[in-house]
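Below is one structure, written out as structure tokens; comments come after it.
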Amino acid sequence: MTQLKKRMVQLEVLRYDPEKDTEPHFQKYTVECNEEWVVLDALNAVKETIDPTLNFRWSCHMAVCGSCGMMVNGEPKLSCHAFLRSYEGVIRVEPLANFPIERDLVTVADDFLEKLKRVKPYLIPKEKKSIEQGEFKQTPAQLMKFRQFSMCINCMLCYAACPEYALQPKFIGPAAIALAHRYNQDSRDGGRDERQEVIATNEGVWECSFVGACSEVCPKAVDPAGALQQVKVASTIDWFKEHLLPGGAK
Amino acid sequence: MSRKPYIRQVSKTSWYLKQPRYMRYMSREVTCIFIGAFALLMVCAVERLSQGQAAFESFMATITGPWSFLGLFVILAFAVHNATNWFNVTPKAMPVQIGEEFLNGKYIVGAHYAIWIVASLVVLFFAGVM
């Protein structure tokens with residue numbers, strides 16, 4: 001049986017204990033890791049063998065649950081998806097940028113969750129149907145129109161990458177707007193007008209200046225930047241229809 | 001257990017120095033200053049044109065020296081940077097779906113470059129250069 005290659009990994013982790021600290025500070029750990037491990041494995045090794053007080057969120061370890069987002073060497077990453085072999089020297093691990101730090105690597109996600117709720121990220125059927133009337137059907141082409149946006153796992157990496165959100169925290173932000181767009185694009189949905197009230201506003205898409213960082217860091221290859229620009233185009237067309245067409249047709 | 005979340009401050013003046021991608025973004029945004037300057041120059045040109053041929057020709061004489069040429073070249077460089085940046089991201093804003101597939105973005109970008117070249121040739125033709 002082949003022996004797994006071992007490596008001593010140095011981590012520099014931002015620590016914050018709300019009961020003792022007035023501000024966060026870095027703590028260094030050196031831990032033995034397998035070459036195949038990811039940053040999350042290294043953190044778990046630290047917690048199990050060196051420092052049980054280290055706090056961080058994780059769950060699935062397979063880039064599906066979206067819990068383990070962190071800044072790894074300044075870049076928003078899912079720590080279960082950040083392979084140690086991609087890094088040399090000391091690996092700096094910090095909580096996701098642009099969110100308050102609850103404790104160590106755990107951030108406060110309340111703001112994102114509140115915004116997500118506001119955009120109504122669920123199907124609002126155009127017409128009510130009884131179970132006897134059957135399901136809402138959709139063609140593969142209609143599915144493809146929004147499919148990529150439904151891959152979002154709410155990991156908030158896009159918020160950590162977005163300088164607009166950093167500077168204007170009222171910005172609804174990439175993931176929430178991309179998910180609103182996902183439902184707006186769904187042929188079965190009739191809730192666009194309700195969502196437009198939230199996303200076609202100054203704190204919605206018009207706060208976005210298309211930096212594009214959100215799409216660059218997305219671990220699921222969703223394109224939130226694209227979603228936001230598409231909402232801008234559609235909202236602009238709405239405006240022209242409302243103001244230039246006779247009767248202000250929508 | 002009491003909660004005391006710590007909020008990290010973001011510098012309003014130097015945030016874009018943190019990441020190369022933010023610098024790229026700012027390099028695109030800063031082009032507006034140069035394009036704005038050129039728009040002002042055009043307004044001046046139109047104003048002088050309205051004052052007659054002599055006024056317009058003296059205006060043209062002031063912007064044909066080596067320093068003017070250098071300034072216009074810098075403006076052109078920034079304008080090209082602005083245009084290519086926006087052309088390259090058009091597939092994100094205007095995806096074209098054909099059946100179950102999306103048209104490859106390079107065709108959308110390519111169409112913009114093609115229109116740009118044709119429009120430039122038309123302008124050069126009417127300007128008497130071609």
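We name chains A, B, ... following the order of the structure tokens; residues begin at 1 in each chain, and ligands are numbered from 1 as shown.
Omitting Glu101 of chain B and its sequence neighbours fewer than 6 positions away, and counting only C-alpha atoms, the residues within 10 Å are A:Pro140, A:Ala141, A:Met144, A:Lys145.
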Go through chain B and flag each residue having an atom no more than 7 Å from chain A; for those, report the closest pair of atoms plus their distance in Å to one decimal, using only C-alpha atoms, ordered by chain and rising number, as JSON lines.
{"residue": "B:Arg3", "atom": "CA", "partner": "A:Pro18", "partner_atom": "CA", "distance": 6.8}
{"residue": "B:Lys4", "atom": "CA", "partner": "A:Pro18", "partner_atom": "CA", "distance": 5.4}
{"residue": "B:Pro5", "atom": "CA", "partner": "A:Glu102", "partner_atom": "CA", "distance": 4.7}
{"residue": "B:Tyr6", "atom": "CA", "partner": "A:Ile101", "partner_atom": "CA", "distance": 4.9}
{"residue": "B:Ile7", "atom": "CA", "partner": "A:Pro100", "partner_atom": "CA", "distance": 4.6}
{"residue": "B:Arg8", "atom": "CA", "partner": "A:Pro100", "partner_atom": "CA", "distance": 6.8}
{"residue": "B:Val10", "atom": "CA", "partner": "A:Ala166", "partner_atom": "CA", "distance": 6.7}
{"residue": "B:Lys12", "atom": "CA", "partner": "A:Leu167", "partner_atom": "CA", "distance": 7.0}
{"residue": "B:Tyr25", "atom": "CA", "partner": "A:Val211", "partner_atom": "CA", "distance": 5.7}
{"residue": "B:Lys92", "atom": "CA", "partner": "A:Gly226", "partner_atom": "CA", "distance": 4.3}
{"residue": "B:Ala93", "atom": "CA", "partner": "A:Gln229", "partner_atom": "CA", "distance": 4.9}
{"residue": "B:Met94", "atom": "CA", "partner": "A:Gln230", "partner_atom": "CA", "distance": 6.8}
{"residue": "B:Gly99", "atom": "CA", "partner": "A:Ala141", "partner_atom": "CA", "distance": 5.5}
{"residue": "B:Glu100", "atom": "CA", "partner": "A:Ala141", "partner_atom": "CA", "distance": 4.2}
Please, could you write that set of residues out with N, CA and C atoms as a tab-separated table (two decimals), in the first residue's frame?
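That gives us selection_14.tsv:
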chain	number	residue	atom	x	y	z
B	3	ARG	N	-22.72	38.29	23.00
B	3	ARG	CA	-22.18	38.42	21.64
B	3	ARG	C	-21.54	39.79	21.49
B	4	LYS	N	-20.41	39.80	20.82
B	4	LYS	CA	-19.72	41.08	20.57
B	4	LYS	C	-19.01	40.97	19.22
B	5	PRO	N	-19.82	40.92	18.13
B	5	PRO	CA	-19.19	40.75	16.80
B	5	PRO	C	-18.22	41.87	16.50
B	6	TYR	N	-17.10	41.49	15.89
B	6	TYR	CA	-16.06	42.47	15.54
B	6	TYR	C	-16.19	42.85	14.06
B	7	ILE	N	-16.28	44.15	13.80
B	7	ILE	CA	-16.42	44.62	12.42
B	7	ILE	C	-15.08	45.16	11.93
B	8	ARG	N	-14.59	44.55	10.84
B	8	ARG	CA	-13.32	45.00	10.26
B	8	ARG	C	-13.58	46.21	9.35
B	10	VAL	N	-13.02	48.87	6.35
B	10	VAL	CA	-12.48	48.84	4.98
B	10	VAL	C	-12.08	50.27	4.62
B	12	LYS	N	-11.75	53.43	2.62
B	12	LYS	CA	-12.54	53.98	1.50
B	12	LYS	C	-11.63	54.53	0.40
B	25	TYR	N	-10.20	46.63	-12.33
B	25	TYR	CA	-11.50	47.32	-12.35
B	25	TYR	C	-11.29	48.83	-12.34
B	92	LYS	N	-21.88	38.45	-20.73
B	92	LYS	CA	-22.50	38.31	-19.42
B	92	LYS	C	-23.83	39.07	-19.36
B	93	ALA	N	-23.85	40.26	-19.97
B	93	ALA	CA	-25.04	41.09	-19.92
B	93	ALA	C	-26.06	40.70	-20.98
B	94	MET	N	-25.57	40.17	-22.09
B	94	MET	CA	-26.47	39.86	-23.19
B	94	MET	C	-26.26	38.43	-23.70
B	99	GLY	N	-32.18	27.53	-28.41
B	99	GLY	CA	-32.68	26.23	-27.94
B	99	GLY	C	-32.19	25.98	-26.52
B	100	GLU	N	-31.51	24.85	-26.32
B	100	GLU	CA	-31.03	24.50	-24.98
B	100	GLU	C	-29.61	25.02	-24.73
Practice task
Excluding segment 104-121 of chain B and residues on its chain fewer than 4 positions from it, collect all residues at most 10 Å away from it, counting only C-alpha atoms, and give them as number ranges by chain.
Solution key: B: 83-84, 86-92, 94-97, 125-127, 129-130
Exercise for the section: If you run DSSP over the backbone, which residues in chain B end up strand (DSSP E or B)? Put them as a list in words. Expected result: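 The residues of chain B classed as strand (DSSP E or B) are Tyr6, Gln97, Ile98, Glu101 and Phe102 of chain B.
Neighbours of Arg24 of chain B closer than or equal to 12 Å, with only C-alpha atoms counted and sequence neighbours fewer than 2 positions away skipped, come out as A:Phe210, A:Val211, A:Gly212, A:Ala213, B:Tyr16, B:Leu17, B:Lys18, B:Gln19, B:Pro20, B:Arg21, B:Tyr22, B:Met26, B:Ser27, B:Arg28, B:Glu29, B:Val30, B:Thr31, B:His81, B:Asn82, B:Asn85.
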Practice task
Go ahead and compute the interatomic distance for atom CA of Asp104 of chain A and atom CA of His81 of chain A, in Å to one decimal.
Solution key: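 Pair atom CA of Asp104 of chain A / atom CA of His81 of chain A returns 19.8 Å.
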Practice task
Please provide as a list in words all residues within 8 Å of Cys155 of chain A, with the sequence filter that same-chain residues fewer than 3 positions apart are discarded (counting only C-alpha atoms).
Solution key: Cys65, Gly66, Ser67, Cys68, Gly69, Leu78, Cys152 and Cys158 of chain A
For those residues, write C-alpha atoms to a file as an mmCIF file, in the first residue's frame.
data_model
loop_
_atom_site.group_PDB
_atom_site.id
_atom_site.type_symbol
_atom_site.label_atom_id
_atom_site.label_comp_id
_atom_site.auth_asym_id
_atom_site.auth_seq_id
_atom_site.Cartn_x
_atom_site.Cartn_y
_atom_site.Cartn_z
ATOM 1 C CA CYS A 65 -23.118 22.924 1.901
ATOM 2 C CA GLY A 66 -21.384 26.313 1.593
ATOM 3 C CA SER A 67 -20.508 26.505 5.318
ATOM 4 C CA CYS A 68 -16.714 26.603 5.290
ATOM 5 C CA GLY A 69 -16.038 29.812 3.377
ATOM 6 C CA LEU A 78 -14.341 27.151 0.459
ATOM 7 C CA CYS A 152 -25.671 28.773 -5.875
ATOM 8 C CA CYS A 158 -19.166 36.474 -3.634
#
Problem - Length of the atom CA of Leu54 of chain A to atom CA of Leu14 of chain A vector [Å] - result: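 Going from atom CA of Leu54 of chain A over to atom CA of Leu14 of chain A covers 9.8 Å.
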Problem - Top pick for closest residue to Ala39 of chain B, considering B:Ile63, B:Ala54, B:Val123, B:Ile75 and counting only C-alpha atoms - result: B:Ile75
Handout entry: d(atom CA of Ala176 of chain A, atom CA of Leu43 of chain A) in Å
Key = 29.2 Å
Identify all residues of segment 48-232 of chain A in alpha helix (DSSP H) (DSSP on the backbone) and supply them as a CSV table (one decimal) with C-alpha atoms, in the first residue's frame.
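The resulting file, result_12.csv, is shown below:
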chain,number,residue,atom,x,y,z
A,48,GLU,CA,-7.8,17.8,17.3
A,49,THR,CA,-4.2,17.9,18.1
A,110,ASP,CA,-27.5,37.6,9.5
A,111,ASP,CA,-27.2,40.4,7.0
A,112,PHE,CA,-27.0,38.0,4.0
A,113,LEU,CA,-29.8,35.8,5.3
A,114,GLU,CA,-32.1,38.9,5.8
A,115,LYS,CA,-31.4,40.0,2.2
A,116,LEU,CA,-31.9,36.6,0.8
A,117,LYS,CA,-35.3,36.5,2.5
A,118,ARG,CA,-36.2,39.9,1.0
A,140,PRO,CA,-35.3,21.7,-21.2
A,141,ALA,CA,-34.7,25.1,-23.0
A,142,GLN,CA,-36.8,26.9,-20.3
A,143,LEU,CA,-34.7,25.1,-17.6
A,144,MET,CA,-31.4,26.1,-19.2
A,157,LEU,CA,-17.8,34.0,-1.1
A,158,CYS,CA,-19.2,36.5,-3.6
A,159,TYR,CA,-20.0,38.9,-0.8
A,160,ALA,CA,-16.5,38.6,0.6
A,161,ALA,CA,-15.1,39.4,-2.9
A,163,PRO,CA,-15.9,45.8,-2.9
A,164,GLU,CA,-19.3,47.4,-3.4
A,165,TYR,CA,-20.7,45.3,-0.5
A,166,ALA,CA,-17.6,46.2,1.5
A,167,LEU,CA,-18.2,49.9,1.0
A,174,PRO,CA,-24.5,39.2,-5.7
A,175,ALA,CA,-25.9,35.9,-4.5
A,176,ALA,CA,-29.3,37.2,-3.4
A,177,ILE,CA,-29.8,39.1,-6.7
A,178,ALA,CA,-28.6,36.1,-8.7
A,179,LEU,CA,-31.1,33.9,-7.0
A,180,ALA,CA,-33.9,36.5,-7.5
A,181,HIS,CA,-32.9,36.5,-11.2
A,182,ARG,CA,-33.0,32.7,-11.2
A,183,TYR,CA,-36.7,32.7,-10.2
A,184,ASN,CA,-37.5,35.7,-12.5
A,192,ARG,CA,-41.0,39.2,-10.8
A,193,ASP,CA,-42.9,42.4,-9.9
A,194,GLU,CA,-42.5,41.6,-6.2
A,195,ARG,CA,-38.8,40.9,-6.5
A,196,GLN,CA,-38.1,44.0,-8.8
A,197,GLU,CA,-39.3,46.2,-5.9
A,198,VAL,CA,-36.2,44.9,-4.0
A,199,ILE,CA,-33.6,44.3,-6.7
A,213,ALA,CA,-15.1,39.7,-8.6
A,214,CYS,CA,-18.2,37.7,-7.5
A,215,SER,CA,-18.1,35.5,-10.6
A,216,GLU,CA,-14.4,35.0,-10.4
A,217,VAL,CA,-14.5,33.6,-6.9
A,224,PRO,CA,-23.7,36.4,-10.3
A,225,ALA,CA,-22.1,39.4,-12.2
A,226,GLY,CA,-23.9,38.3,-15.3
A,227,ALA,CA,-27.2,37.9,-13.5
A,228,LEU,CA,-26.9,41.5,-12.1
A,229,GLN,CA,-26.1,43.0,-15.6
A,230,GLN,CA,-29.1,41.0,-17.1
A,231,VAL,CA,-31.4,42.5,-14.4
A,232,LYS,CA,-30.1,46.0,-15.2
Practice task
Tell me which protein, DNA and RNA residues are within 10 Å of Phe34 of chain B, counting only C-alpha atoms, leaving out same-chain ones fewer than 5 positions away, and put them as JSON, numbers by chain.
Solution key: {"B": [39, 40, 71, 72, 74, 75, 76, 77, 78, 79]}
Prev. selection, N, CA and C atoms, output as a PDB file, in the first residue's frame:
ATOM      1  N   ALA B  39     -14.712  64.361 -24.650  1.00  0.00           N
ATOM      2  CA  ALA B  39     -16.067  64.860 -24.923  1.00  0.00           C
ATOM      3  C   ALA B  39     -16.089  66.388 -24.796  1.00  0.00           C
ATOM      4  N   LEU B  40     -15.394  66.913 -23.783  1.00  0.00           N
ATOM      5  CA  LEU B  40     -15.317  68.371 -23.596  1.00  0.00           C
ATOM      6  C   LEU B  40     -14.628  69.029 -24.787  1.00  0.00           C
ATOM      7  N   GLY B  71      -1.371  64.005 -26.051  1.00  0.00           N
ATOM      8  CA  GLY B  71      -2.576  63.976 -25.216  1.00  0.00           C
ATOM      9  C   GLY B  71      -3.682  63.161 -25.859  1.00  0.00           C
ATOM     10  N   LEU B  72      -3.886  63.392 -27.167  1.00  0.00           N
ATOM     11  CA  LEU B  72      -4.939  62.654 -27.881  1.00  0.00           C
ATOM     12  C   LEU B  72      -4.606  61.171 -27.961  1.00  0.00           C
ATOM     13  N   VAL B  74      -2.940  59.477 -25.681  1.00  0.00           N
ATOM     14  CA  VAL B  74      -3.239  58.914 -24.346  1.00  0.00           C
ATOM     15  C   VAL B  74      -4.742  58.693 -24.212  1.00  0.00           C
ATOM     16  N   ILE B  75      -5.531  59.686 -24.659  1.00  0.00           N
ATOM     17  CA  ILE B  75      -6.997  59.548 -24.603  1.00  0.00           C
ATOM     18  C   ILE B  75      -7.454  58.347 -25.428  1.00  0.00           C
ATOM     19  N   LEU B  76      -6.864  58.218 -26.624  1.00  0.00           N
ATOM     20  CA  LEU B  76      -7.236  57.091 -27.492  1.00  0.00           C
ATOM     21  C   LEU B  76      -6.909  55.763 -26.809  1.00  0.00           C
ATOM     22  N   ALA B  77      -5.732  55.695 -26.170  1.00  0.00           N
ATOM     23  CA  ALA B  77      -5.326  54.455 -25.494  1.00  0.00           C
ATOM     24  C   ALA B  77      -6.336  54.096 -24.397  1.00  0.00           C
ATOM     25  N   PHE B  78      -6.748  55.087 -23.616  1.00  0.00           N
ATOM     26  CA  PHE B  78      -7.727  54.819 -22.555  1.00  0.00           C
ATOM     27  C   PHE B  78      -9.097  54.457 -23.142  1.00  0.00           C
ATOM     28  N   ALA B  79      -9.458  55.106 -24.252  1.00  0.00           N
ATOM     29  CA  ALA B  79     -10.746  54.805 -24.886  1.00  0.00           C
ATOM     30  C   ALA B  79     -10.756  53.359 -25.398  1.00  0.00           C
TER      31      ALA B  79
END
